[in-house]
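A.B. asks: Below is the file work.pdb, with PDB, C-alpha atoms.
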```pdb
ATOM      1  CA  MET A   1      47.019 -75.689 -22.618  1.00  0.00           C
ATOM      2  CA  GLU A   2      49.160 -78.013 -20.499  1.00  0.00           C
ATOM      3  CA  SER A   3      51.082 -76.907 -17.438  1.00  0.00           C
ATOM      4  CA  ASP A   4      54.590 -78.113 -16.663  1.00  0.00           C
ATOM      5  CA  SER A   5      54.115 -81.140 -14.428  1.00  0.00           C
ATOM      6  CA  ASN A   6      57.283 -80.330 -12.458  1.00  0.00           C
ATOM      7  CA  LEU A   7      55.859 -77.039 -11.257  1.00  0.00           C
ATOM      8  CA  LYS A   8      53.690 -76.661  -8.170  1.00  0.00           C
ATOM      9  CA  ARG A   9      50.272 -75.080  -8.390  1.00  0.00           C
ATOM     10  CA  TYR A  10      48.908 -74.173  -4.964  1.00  0.00           C
ATOM     11  CA  CYS A  11      45.279 -73.318  -4.309  1.00  0.00           C
ATOM     12  CA  PHE A  12      45.358 -71.260  -1.118  1.00  0.00           C
ATOM     13  CA  THR A  13      41.866 -71.542   0.258  1.00  0.00           C
ATOM     14  CA  GLY A  14      39.870 -70.661   3.304  1.00  0.00           C
ATOM     15  CA  THR A  15      36.645 -68.948   4.166  1.00  0.00           C
ATOM     16  CA  ARG A  16      36.260 -65.285   3.265  1.00  0.00           C
ATOM     17  CA  GLY A  17      37.853 -63.222   6.018  1.00  0.00           C
ATOM     18  CA  VAL A  18      40.035 -66.012   7.406  1.00  0.00           C
ATOM     19  CA  GLY A  19      43.222 -63.997   6.729  1.00  0.00           C
ATOM     20  CA  LYS A  20      44.638 -65.465   3.496  1.00  0.00           C
ATOM     21  CA  SER A  21      45.645 -62.142   1.945  1.00  0.00           C
ATOM     22  CA  THR A  22      47.276 -60.966   5.170  1.00  0.00           C
ATOM     23  CA  LEU A  23      49.277 -64.176   5.476  1.00  0.00           C
ATOM     24  CA  VAL A  24      50.428 -64.033   1.849  1.00  0.00           C
ATOM     25  CA  GLN A  25      51.683 -60.469   2.366  1.00  0.00           C
ATOM     26  CA  LYS A  26      53.893 -61.720   5.201  1.00  0.00           C
ATOM     27  CA  VAL A  27      55.709 -64.367   3.137  1.00  0.00           C
ATOM     28  CA  LYS A  28      55.622 -63.504  -0.553  1.00  0.00           C
ATOM     29  CA  ASP A  29      58.733 -61.304  -0.672  1.00  0.00           C
ATOM     30  CA  GLU A  30      60.849 -64.265   0.472  1.00  0.00           C
ATOM     31  CA  PHE A  31      59.846 -66.452  -2.497  1.00  0.00           C
ATOM     32  CA  SER A  32      60.823 -64.890  -5.809  1.00  0.00           C
ATOM     33  CA  SER A  33      60.564 -68.302  -7.476  1.00  0.00           C
ATOM     34  CA  ILE A  34      56.803 -68.333  -6.875  1.00  0.00           C
ATOM     35  CA  ILE A  35      54.094 -66.236  -8.482  1.00  0.00           C
ATOM     36  CA  PHE A  36      51.589 -65.084  -5.864  1.00  0.00           C
ATOM     37  CA  THR A  37      48.227 -64.008  -7.191  1.00  0.00           C
ATOM     38  CA  ALA A  38      44.591 -63.887  -6.195  1.00  0.00           C
ATOM     39  CA  GLY A  39      41.730 -65.217  -8.247  1.00  0.00           C
ATOM     40  CA  SER A  40      39.747 -62.100  -7.368  1.00  0.00           C
ATOM     41  CA  ASP A  41      42.518 -59.834  -8.724  1.00  0.00           C
ATOM     42  CA  ILE A  42      42.482 -61.649 -12.059  1.00  0.00           C
ATOM     43  CA  LEU A  43      38.682 -61.468 -12.184  1.00  0.00           C
ATOM     44  CA  LYS A  44      38.900 -57.712 -11.495  1.00  0.00           C
ATOM     45  CA  GLU A  45      41.282 -57.332 -14.453  1.00  0.00           C
ATOM     46  CA  MET A  46      38.980 -59.392 -16.667  1.00  0.00           C
ATOM     47  CA  MET A  47      35.744 -57.667 -15.624  1.00  0.00           C
ATOM     48  CA  GLY A  48      36.791 -54.119 -14.829  1.00  0.00           C
ATOM     49  CA  GLY A  49      34.138 -52.175 -12.926  1.00  0.00           C
ATOM     50  CA  GLU A  50      31.630 -54.991 -13.328  1.00  0.00           C
ATOM     51  CA  TYR A  51      33.578 -57.132 -10.864  1.00  0.00           C
ATOM     52  CA  LYS A  52      31.547 -55.671  -7.996  1.00  0.00           C
ATOM     53  CA  ASN A  53      28.525 -57.524  -9.435  1.00  0.00           C
ATOM     54  CA  PHE A  54      30.272 -60.901  -9.821  1.00  0.00           C
ATOM     55  CA  GLU A  55      28.427 -62.493  -6.867  1.00  0.00           C
ATOM     56  CA  TYR A  56      25.089 -61.611  -8.431  1.00  0.00           C
ATOM     57  CA  LEU A  57      25.718 -62.935 -11.939  1.00  0.00           C
ATOM     58  CA  PRO A  58      23.885 -66.024 -13.188  1.00  0.00           C
ATOM     59  CA  GLU A  59      25.768 -69.233 -12.380  1.00  0.00           C
ATOM     60  CA  ASN A  60      26.586 -69.965 -16.039  1.00  0.00           C
ATOM     61  CA  GLU A  61      28.295 -66.563 -16.392  1.00  0.00           C
ATOM     62  CA  LYS A  62      30.263 -67.046 -13.171  1.00  0.00           C
ATOM     63  CA  SER A  63      31.339 -70.503 -14.353  1.00  0.00           C
ATOM     64  CA  GLN A  64      32.533 -69.111 -17.680  1.00  0.00           C
ATOM     65  CA  LEU A  65      34.507 -66.361 -15.937  1.00  0.00           C
ATOM     66  CA  ARG A  66      36.095 -68.901 -13.584  1.00  0.00           C
ATOM     67  CA  PHE A  67      37.055 -71.036 -16.589  1.00  0.00           C
ATOM     68  CA  GLU A  68      38.698 -68.008 -18.247  1.00  0.00           C
ATOM     69  CA  LEU A  69      40.458 -67.181 -14.982  1.00  0.00           C
ATOM     70  CA  ASN A  70      41.877 -70.701 -14.867  1.00  0.00           C
ATOM     71  CA  GLN A  71      43.081 -70.377 -18.462  1.00  0.00           C
ATOM     72  CA  ASN A  72      44.852 -67.140 -17.478  1.00  0.00           C
ATOM     73  CA  LEU A  73      46.556 -68.936 -14.575  1.00  0.00           C
ATOM     74  CA  ARG A  74      47.718 -71.726 -16.878  1.00  0.00           C
ATOM     75  CA  LYS A  75      49.132 -69.204 -19.336  1.00  0.00           C
ATOM     76  CA  MET A  76      50.797 -67.237 -16.538  1.00  0.00           C
ATOM     77  CA  GLN A  77      52.571 -70.340 -15.276  1.00  0.00           C
ATOM     78  CA  GLN A  78      53.485 -71.594 -18.717  1.00  0.00           C
ATOM     79  CA  GLU A  79      55.090 -68.259 -19.617  1.00  0.00           C
ATOM     80  CA  SER A  80      56.917 -67.811 -16.300  1.00  0.00           C
ATOM     81  CA  GLN A  81      57.855 -71.446 -15.633  1.00  0.00           C
ATOM     82  CA  LYS A  82      57.452 -70.722 -11.916  1.00  0.00           C
ATOM     83  CA  ASP A  83      55.397 -72.294  -9.173  1.00  0.00           C
ATOM     84  CA  ILE A  84      52.106 -70.457  -8.697  1.00  0.00           C
ATOM     85  CA  PHE A  85      50.263 -69.748  -5.450  1.00  0.00           C
ATOM     86  CA  VAL A  86      46.665 -68.628  -5.909  1.00  0.00           C
ATOM     87  CA  ASP A  87      44.503 -67.093  -3.214  1.00  0.00           C
ATOM     88  CA  ALA A  88      41.203 -68.740  -4.149  1.00  0.00           C
ATOM     89  CA  HIS A  89      38.202 -70.646  -2.800  1.00  0.00           C
ATOM     90  CA  LEU A  90      36.874 -74.184  -2.949  1.00  0.00           C
ATOM     91  CA  THR A  91      33.542 -73.028  -1.582  1.00  0.00           C
ATOM     92  CA  VAL A  92      31.696 -69.749  -1.089  1.00  0.00           C
ATOM     93  CA  CYS A  93      28.583 -68.727   0.733  1.00  0.00           C
ATOM     94  CA  ASN A  94      26.299 -67.273  -1.924  1.00  0.00           C
ATOM     95  CA  LEU A  95      25.445 -63.758  -0.762  1.00  0.00           C
ATOM     96  CA  LYS A  96      22.077 -63.919  -2.560  1.00  0.00           C
ATOM     97  CA  THR A  97      20.886 -67.232  -1.132  1.00  0.00           C
ATOM     98  CA  GLY A  98      22.983 -67.818   1.996  1.00  0.00           C
ATOM     99  CA  ILE A  99      23.743 -71.319   0.661  1.00  0.00           C
ATOM    100  CA  ILE A 100      27.333 -72.558   0.862  1.00  0.00           C
ATOM    101  CA  GLU A 101      28.347 -73.826  -2.580  1.00  0.00           C
ATOM    102  CA  ASN A 102      31.266 -75.849  -3.894  1.00  0.00           C
ATOM    103  CA  ILE A 103      32.847 -73.847  -6.740  1.00  0.00           C
ATOM    104  CA  PHE A 104      35.932 -76.024  -7.279  1.00  0.00           C
ATOM    105  CA  THR A 105      35.431 -77.634 -10.679  1.00  0.00           C
ATOM    106  CA  GLU A 106      37.235 -80.290 -12.705  1.00  0.00           C
ATOM    107  CA  ASN A 107      39.113 -77.473 -14.402  1.00  0.00           C
ATOM    108  CA  GLU A 108      40.681 -76.484 -11.066  1.00  0.00           C
ATOM    109  CA  ILE A 109      41.162 -80.093 -10.002  1.00  0.00           C
ATOM    110  CA  GLU A 110      43.201 -80.759 -13.145  1.00  0.00           C
ATOM    111  CA  PHE A 111      45.293 -77.620 -12.613  1.00  0.00           C
ATOM    112  CA  TYR A 112      46.273 -77.613  -8.940  1.00  0.00           C
ATOM    113  CA  THR A 113      48.824 -79.924  -7.338  1.00  0.00           C
ATOM    114  CA  ASP A 114      48.330 -78.767  -3.741  1.00  0.00           C
ATOM    115  CA  ILE A 115      45.584 -77.296  -1.624  1.00  0.00           C
ATOM    116  CA  VAL A 116      46.643 -75.133   1.300  1.00  0.00           C
ATOM    117  CA  LEU A 117      43.726 -74.550   3.661  1.00  0.00           C
ATOM    118  CA  LEU A 118      43.893 -71.694   6.140  1.00  0.00           C
ATOM    119  CA  ASP A 119      41.555 -72.658   8.961  1.00  0.00           C
ATOM    120  CA  SER A 120      40.410 -70.593  11.919  1.00  0.00           C
ATOM    121  CA  THR A 121      37.701 -70.187  14.505  1.00  0.00           C
ATOM    122  CA  PRO A 122      34.321 -68.659  13.666  1.00  0.00           C
ATOM    123  CA  GLU A 123      34.979 -65.887  16.205  1.00  0.00           C
ATOM    124  CA  LYS A 124      38.274 -64.866  14.571  1.00  0.00           C
ATOM    125  CA  VAL A 125      36.696 -64.860  11.086  1.00  0.00           C
ATOM    126  CA  LEU A 126      33.829 -62.718  12.387  1.00  0.00           C
ATOM    127  CA  GLU A 127      36.327 -60.304  13.937  1.00  0.00           C
ATOM    128  CA  ASN A 128      38.218 -60.043  10.623  1.00  0.00           C
ATOM    129  CA  ARG A 129      35.025 -59.548   8.630  1.00  0.00           C
ATOM    130  CA  ARG A 130      33.858 -56.767  10.930  1.00  0.00           C
ATOM    131  CA  LYS A 131      37.193 -54.962  10.469  1.00  0.00           C
ATOM    132  CA  ASP A 132      36.942 -55.067   6.651  1.00  0.00           C
ATOM    133  CA  THR A 133      34.029 -52.824   5.765  1.00  0.00           C
ATOM    134  CA  THR A 134      35.059 -52.595   2.096  1.00  0.00           C
ATOM    135  CA  LYS A 135      33.360 -55.908   1.231  1.00  0.00           C
ATOM    136  CA  GLU A 136      29.917 -57.333   1.745  1.00  0.00           C
ATOM    137  CA  ARG A 137      30.344 -60.071   4.326  1.00  0.00           C
ATOM    138  CA  ILE A 138      28.142 -62.482   6.242  1.00  0.00           C
ATOM    139  CA  LEU A 139      28.361 -61.693   9.950  1.00  0.00           C
ATOM    140  CA  ASP A 140      26.258 -64.546  11.332  1.00  0.00           C
ATOM    141  CA  LEU A 141      28.478 -66.637  13.623  1.00  0.00           C
ATOM    142  CA  ASP A 142      26.533 -69.873  13.009  1.00  0.00           C
ATOM    143  CA  LEU A 143      26.787 -69.455   9.237  1.00  0.00           C
ATOM    144  CA  ILE A 144      30.510 -68.642   9.507  1.00  0.00           C
ATOM    145  CA  SER A 145      30.963 -71.854  11.498  1.00  0.00           C
ATOM    146  CA  LYS A 146      29.183 -73.793   8.739  1.00  0.00           C
ATOM    147  CA  GLU A 147      31.365 -72.105   6.103  1.00  0.00           C
ATOM    148  CA  LEU A 148      34.539 -73.156   7.926  1.00  0.00           C
ATOM    149  CA  GLU A 149      33.332 -76.737   8.363  1.00  0.00           C
ATOM    150  CA  PHE A 150      32.200 -77.051   4.736  1.00  0.00           C
ATOM    151  CA  GLU A 151      35.456 -75.593   3.355  1.00  0.00           C
ATOM    152  CA  LYS A 152      37.557 -78.020   5.419  1.00  0.00           C
ATOM    153  CA  LYS A 153      35.362 -81.004   4.521  1.00  0.00           C
ATOM    154  CA  GLU A 154      35.568 -80.146   0.804  1.00  0.00           C
ATOM    155  CA  ALA A 155      39.350 -79.647   0.929  1.00  0.00           C
ATOM    156  CA  ILE A 156      39.808 -83.065   2.529  1.00  0.00           C
ATOM    157  CA  LYS A 157      37.406 -84.702   0.070  1.00  0.00           C
ATOM    158  CA  VAL A 158      38.907 -83.117  -3.066  1.00  0.00           C
ATOM    159  CA  CYS A 159      42.442 -84.034  -2.029  1.00  0.00           C
ATOM    160  CA  SER A 160      41.441 -87.578  -1.175  1.00  0.00           C
ATOM    161  CA  ASP A 161      39.366 -88.114  -4.323  1.00  0.00           C
ATOM    162  CA  TYR A 162      41.841 -86.550  -6.764  1.00  0.00           C
ATOM    163  CA  ASN A 163      45.221 -87.232  -5.171  1.00  0.00           C
ATOM    164  CA  LEU A 164      46.085 -83.602  -4.489  1.00  0.00           C
ATOM    165  CA  LYS A 165      48.373 -82.792  -1.586  1.00  0.00           C
ATOM    166  CA  LEU A 166      46.558 -81.171   1.360  1.00  0.00           C
ATOM    167  CA  HIS A 167      48.197 -78.780   3.802  1.00  0.00           C
ATOM    168  CA  ILE A 168      46.131 -77.382   6.688  1.00  0.00           C
ATOM    169  CA  ILE A 169      47.345 -74.333   8.577  1.00  0.00           C
ATOM    170  CA  LYS A 170      45.474 -73.168  11.668  1.00  0.00           C
ATOM    171  CA  VAL A 171      45.410 -69.414  12.329  1.00  0.00           C
ATOM    172  CA  GLY A 172      47.301 -68.703  15.540  1.00  0.00           C
ATOM    173  CA  ASP A 173      49.465 -71.794  15.232  1.00  0.00           C
ATOM    174  CA  ASN A 174      52.633 -70.165  13.832  1.00  0.00           C
ATOM    175  CA  GLU A 175      50.971 -69.843  10.427  1.00  0.00           C
ATOM    176  CA  VAL A 176      53.741 -67.742   8.853  1.00  0.00           C
ATOM    177  CA  GLU A 177      56.406 -70.370   9.497  1.00  0.00           C
ATOM    178  CA  LYS A 178      54.083 -73.202   8.482  1.00  0.00           C
ATOM    179  CA  LEU A 179      53.330 -71.557   5.163  1.00  0.00           C
ATOM    180  CA  LYS A 180      57.042 -70.938   4.551  1.00  0.00           C
ATOM    181  CA  ASP A 181      57.746 -74.626   5.264  1.00  0.00           C
ATOM    182  CA  ILE A 182      55.099 -75.695   2.742  1.00  0.00           C
ATOM    183  CA  LEU A 183      56.538 -73.406   0.068  1.00  0.00           C
ATOM    184  CA  MET A 184      60.050 -74.725   0.622  1.00  0.00           C
ATOM    185  CA  GLU A 185      59.047 -78.398   0.172  1.00  0.00           C
TER     186      GLU A 185
END
```
Show the structure stored in the file as structure tokens.
C.D. replies:
Amino acid sequence: MESDSNLKRYCFTGTRGVGKSTLVQKVKDEFSSIIFTAGSDILKEMMGGEYKNFEYLPENEKSQLRFELNQNLRKMQQESQKDIFVDAHLTVCNLKTGIIENIFTENEIEFYTDIVLLDSTPEKVLENRRKDTTKERILDLDLISKELEFEKKEAIKVCSDYNLKLHIIKVGDNEVEKLKDILME
């Protein structure tokens, strides 16, 4: 299923707890020409009550679900003919193993045109994670620091290797206006 090459497809990434969802809530009402969605919301629709176990599924099952999620995004954009902005991840820290893994596959690389990385400090991410008790989160400051570094390194590498456009927004550096500027390009 091909996507319209004139449409933008943004992967909005950043470490868990960096503030992506909060930032999206602050700008999305101003951009009716863009579909804002979250990969996790689509997975919840696909999996129902089993979504809470997603992190603990075997890798092959998670990969298949991510592939189906990407197919849903392609269909969503094809039907709407709008730009799409997806709250997603390039990397995640596996809650079972504590190992930071790259989950951005060729399927995503072929789909997205832009990567928007929301970057922050380990202390701010820790603060956000402590506030959100609804999700299982890693609260080790050293591991959070490694997550942030790995996510940024992977975003730079993917964009360089595959000619995707990279936008980096630092939390606390007028992030609302910076995101609006990116979406108006």
A.B. asks: Name the residues captured by the PyMOL selection byres ((chain A and resi 53) around 12) when it is applied to the shown file; answer as a PyMOL selection string.
C.D. replies: chain A and resi 43-44+47-52+54-58+61-62+95-96+135-136
A.B. asks: Residues picked by the PyMOL selection byres ((chain A and resi 66) around 12) here, as a ChimeraX atom specification?
C.D. replies: /A:39-40,42-44,46-47,54,59-65,67-73,88-90,103-108
A.B. asks: Between CA of Thr13 in chain A and CA of Val176 in chain A, what is the spacing in Å?
C.D. replies: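 Here the two named atoms are 15.1 Å from each other.
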A.B. asks: Produce a table with one row for each residue of range 40-89 of chain A that has an atom at most 12 Å from any atom of range 25-30 of chain A, each row naming the nearest atom pair and its distance in Å at one decimal; use all atoms listed in the file; arrange rows by chain and rising residue number; format as JSON lines.
C.D. replies:
```
{"residue": "A:Ile84", "atom": "CA", "partner": "A:Lys28", "partner_atom": "CA", "distance": 11.3}
{"residue": "A:Phe85", "atom": "CA", "partner": "A:Lys28", "partner_atom": "CA", "distance": 9.6}
{"residue": "A:Val86", "atom": "CA", "partner": "A:Lys28", "partner_atom": "CA", "distance": 11.6}
{"residue": "A:Asp87", "atom": "CA", "partner": "A:Gln25", "partner_atom": "CA", "distance": 11.3}
```
A.B. asks: I'd like the residues picked by the PyMOL selection byres ((chain A and resi 151) around 10) written out as a PyMOL selection string, using the chain letters and numbers from the file.
C.D. replies: chain A and resi 13-15+89-92+100-102+117-119+146-150+152-157
A.B. asks: Restricting the calculation to only C-alpha atoms: of A:Met76, A:Val116, A:Val171, A:Leu164, which residue gets closest to Thr37 in chain A?
C.D. replies: A:Met76
A.B. asks: As an exercise, work out the distance from CA of Ser145 in chain A to CA of Arg9 in chain A in Å and give it to one decimal place.
C.D. replies: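 Separation of CA of Ser145 in chain A and CA of Arg9 in chain A: 27.9 Å.
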A.B. asks: If I take CA of Glu185 in chain A and CA of Asn128 in chain A, how far is one from the other in Å, to one decimal?
C.D. replies: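 Interatomic distance, CA of Glu185 in chain A to CA of Asn128 in chain A: 29.7 Å.
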A.B. asks: Out of A:Ile144, A:Asp161, A:Ile34, A:Ile99, which residue has the shortest atom-to-atom distance to Lys124 in chain A when counting all atoms listed in the file?
C.D. replies: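 Residue with the minimum atom-to-atom distance to Lys124 in chain A: A:Ile144.
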